[in-house]
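Just below is one structure, and these are the notes that go with it.
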Amino acid sequence: MPACRKRPDHPATLADVGRAAGVSAMAASAVLNGARTSTRISQDTRARILEAAIRLSYRPNAAARALAQRRMNTLGIAAIVNDGGEFDHYFLEAFNGIISNAAAHSQTTTVFSLHDWHRDAHLLPGFCDGRIDGLILIAPVFDGDTSRFLPSHTPFVAMHPNRTLRDVVNIEADEEPGAYEIVRTLIAAGHRRILHVTGTRGLGGSERRIHAYQRALADHGIAFDPDLQVDGRFSTEGGRAALAGWLAQHTGQPLPDAIFAGNDAIAIGCLEILTKAGYHVPRDLSLVGFDDTLAARTTSPQLTTVRQPLRAMGMRAVEVLLERIRERAGATVPEIPATITFPVEVVHRASVQKPLRPRPRVVAPA
């Protein structure tokens with residue numbers, strides 16, 4: 001029985017191909033990788049090199065090629081992927097747009113998952129150590145000057161930062177008009193007592209939605225009642241906790257006509273609490289969210305919400321980052337604005353209807 005040929009324990013290199021073809025590694029590189037050489041390579045030598053490369057299953061070294069070109073063709077993504085074990089549907093929508101457009105531009109992506117922006121901001125320079133060409137920040141939360149942890153040698157794009165970041169292209173959605181319009185939609189349906197379960201206080205998106213909520217009430221002659229605004233967090237658990245606490249404090253009082261949740265995740269948490277307490281949406285009260293994530297389209301009933309074009313925003317983030325990378329390499333690119341704002345729209349679904357009169361009352365929690 002013939003002896004089994006031992007499989008090499010490493011991928012074939014240019015030196016291996018050169019030895020097999022009886023030429024130098026530089027000559028092999030000139031044929032296989034288009035490297036420059038002052039030596040003329042004959043057709044016979046070229047054929048031997050190509051035959052040896054096929055026989056040895058040679059594949060160009062992507063890392064070496066990237067080092068020579070000073071491009072890794074890899075885009076980084078930094079985000080909080082989950083919050084306390086809860087998957088972030090907002091991230092999923094944005095991520096979908098990023099990876100699809102990155103692939104369309106022959107770019108790979110590397111995801112850096114953070115636990116907390118304040119605690120993990122110091123990790124960002126380490127992500128920019130040469131393995132990526134640029135970094136997309138999804139919903140970053142920064143305080144003060146970012147120059148101490150955003151390295152100048154790497155281009156950045158930020159989706160929904162809590163504040164405008166210097167030397168970073170900021171991609172936003174027109175949140176305040178969207179929040180105003182969805183509150184106006186509830187008022188047009190006959191709702192007057194509208195409970196707002198906010199997002200995480202202090203974040204730009206939360207504060208803009210609160211301001212829009214209060215402005216819409218005022219513009220329609222409805223006095224703002226601080227008792228109908230409760231602080232939450234941008235998560236399903238945040239919605240559950242905020243609404244459960246509010247209901248426990250209002251036993252025996254009328255239910256609100258409607259709830260405006262700071263985002264879809266909060267709305268889903270509210271829906272769970274209402275269902276557990278025996279209430280029906282929208283018969284007993286209407287419920288709306290914000291974002292139009294996949295979760296909003298899979299609840300029962302489906303949520304009326306504000307659609308932020310998160311996938312399109314993610315795709316645009318890739319386009320902008322690639323332009324900034326080319327600009328950094330010396331190419332002439334169109335002028336990139338510091339902030340790019342996307343329009344939003346209200347999506348009408350089954351979670352809103354006219355209110356019942358008299359209003360159901362809050363029952364004591366089981």
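By convention here, the chains of the structure tokens are called A, B, ... in the order presented, each chain's residues are numbered starting at 1, and ligands are numbered starting at 1 in the order presented.
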- Query: Excluding same-chain residues fewer than 5 positions from stretch 73-83 of chain A, what lies within 7 Å of it counting only C-alpha atoms, as a ChimeraX atom specification?
  - Reply: /A:88,91,107-116,132-138
- Taking the backbone alone, and naming residues the way the document does, which bits of stretch 62-171 of chain A are strand (DSSP E or B) by DSSP, as an MDAnalysis selection string? chainID A and resid 74:79 82:83 86:87 108:113 134:138 156:159 169:171
Can you write just those residues out, C-alpha atoms, as an mmCIF file, in the first residue's frame?
```
data_model
loop_
_atom_site.group_PDB
_atom_site.id
_atom_site.type_symbol
_atom_site.label_atom_id
_atom_site.label_comp_id
_atom_site.auth_asym_id
_atom_site.auth_seq_id
_atom_site.Cartn_x
_atom_site.Cartn_y
_atom_site.Cartn_z
ATOM 1 C CA THR A 74 -13.088 45.467 7.465
ATOM 2 C CA LEU A 75 -15.519 47.808 9.183
ATOM 3 C CA GLY A 76 -16.027 47.753 12.937
ATOM 4 C CA ILE A 77 -19.333 48.073 14.780
ATOM 5 C CA ALA A 78 -19.425 49.046 18.462
ATOM 6 C CA ALA A 79 -22.755 48.677 20.274
ATOM 7 C CA ASN A 82 -28.110 43.279 24.772
ATOM 8 C CA ASP A 83 -29.154 44.989 27.977
ATOM 9 C CA GLU A 86 -32.325 41.162 26.718
ATOM 10 C CA PHE A 87 -31.584 41.234 22.979
ATOM 11 C CA THR A 108 -16.271 42.304 6.220
ATOM 12 C CA THR A 109 -17.572 43.435 9.603
ATOM 13 C CA THR A 110 -16.331 42.961 13.145
ATOM 14 C CA VAL A 111 -18.743 43.539 16.035
ATOM 15 C CA PHE A 112 -17.406 44.832 19.362
ATOM 16 C CA SER A 113 -20.059 44.220 22.002
ATOM 17 C CA GLY A 134 -13.216 52.534 10.453
ATOM 18 C CA LEU A 135 -15.793 52.194 13.213
ATOM 19 C CA ILE A 136 -19.577 52.642 13.354
ATOM 20 C CA LEU A 137 -20.922 53.504 16.801
ATOM 21 C CA ILE A 138 -24.554 52.489 17.361
ATOM 22 C CA PHE A 156 -15.938 57.202 12.865
ATOM 23 C CA VAL A 157 -19.654 57.365 12.106
ATOM 24 C CA ALA A 158 -22.249 57.453 14.922
ATOM 25 C CA MET A 159 -25.897 56.412 14.694
ATOM 26 C CA VAL A 169 -20.383 62.050 11.162
ATOM 27 C CA ASN A 170 -23.633 61.808 13.137
ATOM 28 C CA ILE A 171 -26.619 59.978 11.617
#
```
- Using the chain letters and numbers from this document, which residues of stretch 5-150 of chain A does DSSP assign to helix (DSSP H, G or I), as an MDAnalysis selection string? chainID A and resid 14:21 25:32 43:55 62:69 89:104 117:127 146:148
- Message: Env of A:Phe290: 6 Å cut, atoms = only C-alpha atoms, seq-sep filter 5 positions within chain, self excluded. Answer as JSON, numbers by chain.
- Response: {"A": [263, 264, 305, 306]}
- Query: When you draw a straight line from atom CA of A:Asp257 to atom CA of A:Thr198, how long is it in Å?
  - Reply: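 Between atom CA of A:Asp257 and atom CA of A:Thr198 the gap works out to 16.7 Å.
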- Note on the structure: The residue from A:Leu50, A:Ile273, A:Ala223, A:Leu150 with the smallest atom-to-atom distance to A:Leu124, counting only C-alpha atoms, is A:Leu150
- Item | Separation of atom CA of A:Ala21 from atom CA of A:Thr45, in Å and rounded to one decimal | 7.7 Å
- Residues near A:Glu272, cut-off 9 Å, only C-alpha atoms, skip fewer than 5 positions along chain, as number ranges by chain: A: 240, 267, 277
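Between atom CA of A:Thr293 and atom CA of A:Glu93 the separation is 6.6 Å.
Considering only C-alpha atoms, the residue among A:Ser100, A:Phe142, A:His348, A:Pro282 positioned nearest to A:Arg119 is A:Phe142.
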- A:Ser286, A:Ser235, A:Thr164, A:Ser106: which is nearest A:Ile194, counting only C-alpha atoms?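 Going through A:Ser286, A:Ser235, A:Thr164, A:Ser106 one by one, the smallest distance to A:Ile194 is for A:Ser286.
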- Message: Give me the residues near A:Ser42 as a PyMOL selection string, where near means some atom within 12 Å (using only C-alpha atoms) and where sequence neighbours in that chain fewer than 6 positions away do not count.
- Response: chain A and resi 23+27+30-31+48-49
Would you mind exporting N, CA and C atoms of the selected residues as a PDB file, in the first residue's frame?
```
ATOM      1  N   VAL A  23      11.831  29.092  -8.606  1.00  0.00           N
ATOM      2  CA  VAL A  23      12.044  30.536  -8.737  1.00  0.00           C
ATOM      3  C   VAL A  23      12.046  31.153  -7.339  1.00  0.00           C
ATOM      4  N   ALA A  27       9.493  36.418  -7.483  1.00  0.00           N
ATOM      5  CA  ALA A  27       8.957  36.115  -8.810  1.00  0.00           C
ATOM      6  C   ALA A  27       7.562  35.514  -8.697  1.00  0.00           C
ATOM      7  N   ALA A  30       5.158  38.239  -8.042  1.00  0.00           N
ATOM      8  CA  ALA A  30       4.886  39.059  -9.223  1.00  0.00           C
ATOM      9  C   ALA A  30       3.820  38.418 -10.097  1.00  0.00           C
ATOM     10  N   VAL A  31       3.841  37.087 -10.213  1.00  0.00           N
ATOM     11  CA  VAL A  31       2.862  36.389 -11.046  1.00  0.00           C
ATOM     12  C   VAL A  31       1.520  36.267 -10.343  1.00  0.00           C
ATOM     13  N   ARG A  48       4.940  27.599 -14.934  1.00  0.00           N
ATOM     14  CA  ARG A  48       5.409  26.746 -13.830  1.00  0.00           C
ATOM     15  C   ARG A  48       4.915  27.273 -12.484  1.00  0.00           C
ATOM     16  N   ILE A  49       4.946  28.589 -12.313  1.00  0.00           N
ATOM     17  CA  ILE A  49       4.494  29.197 -11.052  1.00  0.00           C
ATOM     18  C   ILE A  49       3.001  28.938 -10.850  1.00  0.00           C
TER      19      ILE A  49
END
```
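Using only C-alpha atoms, the nearest neighbour of A:Glu176 within the list A:Gly126, A:Pro343, A:Gly202, A:Gly221 is A:Pro343.
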- Give me the residues within 12 Å of A:Arg209 as a PyMOL selection string, counting only C-alpha atoms and dropping any in the same chain fewer than 6 places off. chain A and resi 173-183+196-203+215-216+229+260-263+289-291+306
Please save C-alpha atoms of the selected residues as a PDB file, in the first residue's frame.
```
ATOM      1  CA  ALA A 173     -33.691  60.467  12.690  1.00  0.00           C
ATOM      2  CA  ASP A 174     -36.205  63.303  12.969  1.00  0.00           C
ATOM      3  CA  GLU A 175     -37.456  61.956  16.292  1.00  0.00           C
ATOM      4  CA  GLU A 176     -39.240  64.937  17.795  1.00  0.00           C
ATOM      5  CA  PRO A 177     -41.667  65.500  14.888  1.00  0.00           C
ATOM      6  CA  GLY A 178     -42.344  61.742  14.875  1.00  0.00           C
ATOM      7  CA  ALA A 179     -43.156  61.688  18.580  1.00  0.00           C
ATOM      8  CA  TYR A 180     -45.349  64.783  18.192  1.00  0.00           C
ATOM      9  CA  GLU A 181     -47.264  63.163  15.340  1.00  0.00           C
ATOM     10  CA  ILE A 182     -47.967  59.901  17.155  1.00  0.00           C
ATOM     11  CA  VAL A 183     -49.275  61.759  20.231  1.00  0.00           C
ATOM     12  CA  HIS A 196     -46.051  58.501  28.611  1.00  0.00           C
ATOM     13  CA  VAL A 197     -43.627  55.786  29.728  1.00  0.00           C
ATOM     14  CA  THR A 198     -40.324  57.441  28.858  1.00  0.00           C
ATOM     15  CA  GLY A 199     -37.052  56.024  27.675  1.00  0.00           C
ATOM     16  CA  THR A 200     -33.885  56.300  29.731  1.00  0.00           C
ATOM     17  CA  ARG A 201     -33.788  59.847  31.107  1.00  0.00           C
ATOM     18  CA  GLY A 202     -30.909  62.062  30.083  1.00  0.00           C
ATOM     19  CA  LEU A 203     -30.519  60.495  26.640  1.00  0.00           C
ATOM     20  CA  ARG A 215     -45.842  70.065  23.237  1.00  0.00           C
ATOM     21  CA  ALA A 216     -48.521  67.998  21.468  1.00  0.00           C
ATOM     22  CA  GLN A 229     -45.437  60.704  32.830  1.00  0.00           C
ATOM     23  CA  PHE A 260     -47.224  56.366  24.513  1.00  0.00           C
ATOM     24  CA  ALA A 261     -44.165  54.185  25.105  1.00  0.00           C
ATOM     25  CA  GLY A 262     -40.692  55.642  24.531  1.00  0.00           C
ATOM     26  CA  ASN A 263     -39.814  52.801  22.155  1.00  0.00           C
ATOM     27  CA  GLY A 289     -44.395  52.643  20.489  1.00  0.00           C
ATOM     28  CA  PHE A 290     -41.455  54.144  18.635  1.00  0.00           C
ATOM     29  CA  ASP A 291     -38.890  52.648  16.157  1.00  0.00           C
ATOM     30  CA  VAL A 306     -43.133  55.630  14.650  1.00  0.00           C
TER      31      VAL A 306
END
```
- Residues at most 10 Å from A:Ala312, counting only C-alpha atoms, excluding those fewer than 2 positions away in the same chain, as a PyMOL selection string? chain A and resi 93-94+96-98+101+308-310+314-317+342
- Message: Please determine, counting only C-alpha atoms, which residue among A:Leu92, A:Ile187, A:Gly205, A:Ala244 has the shortest atom-to-atom distance to A:Val141.
- Response: A:Gly205
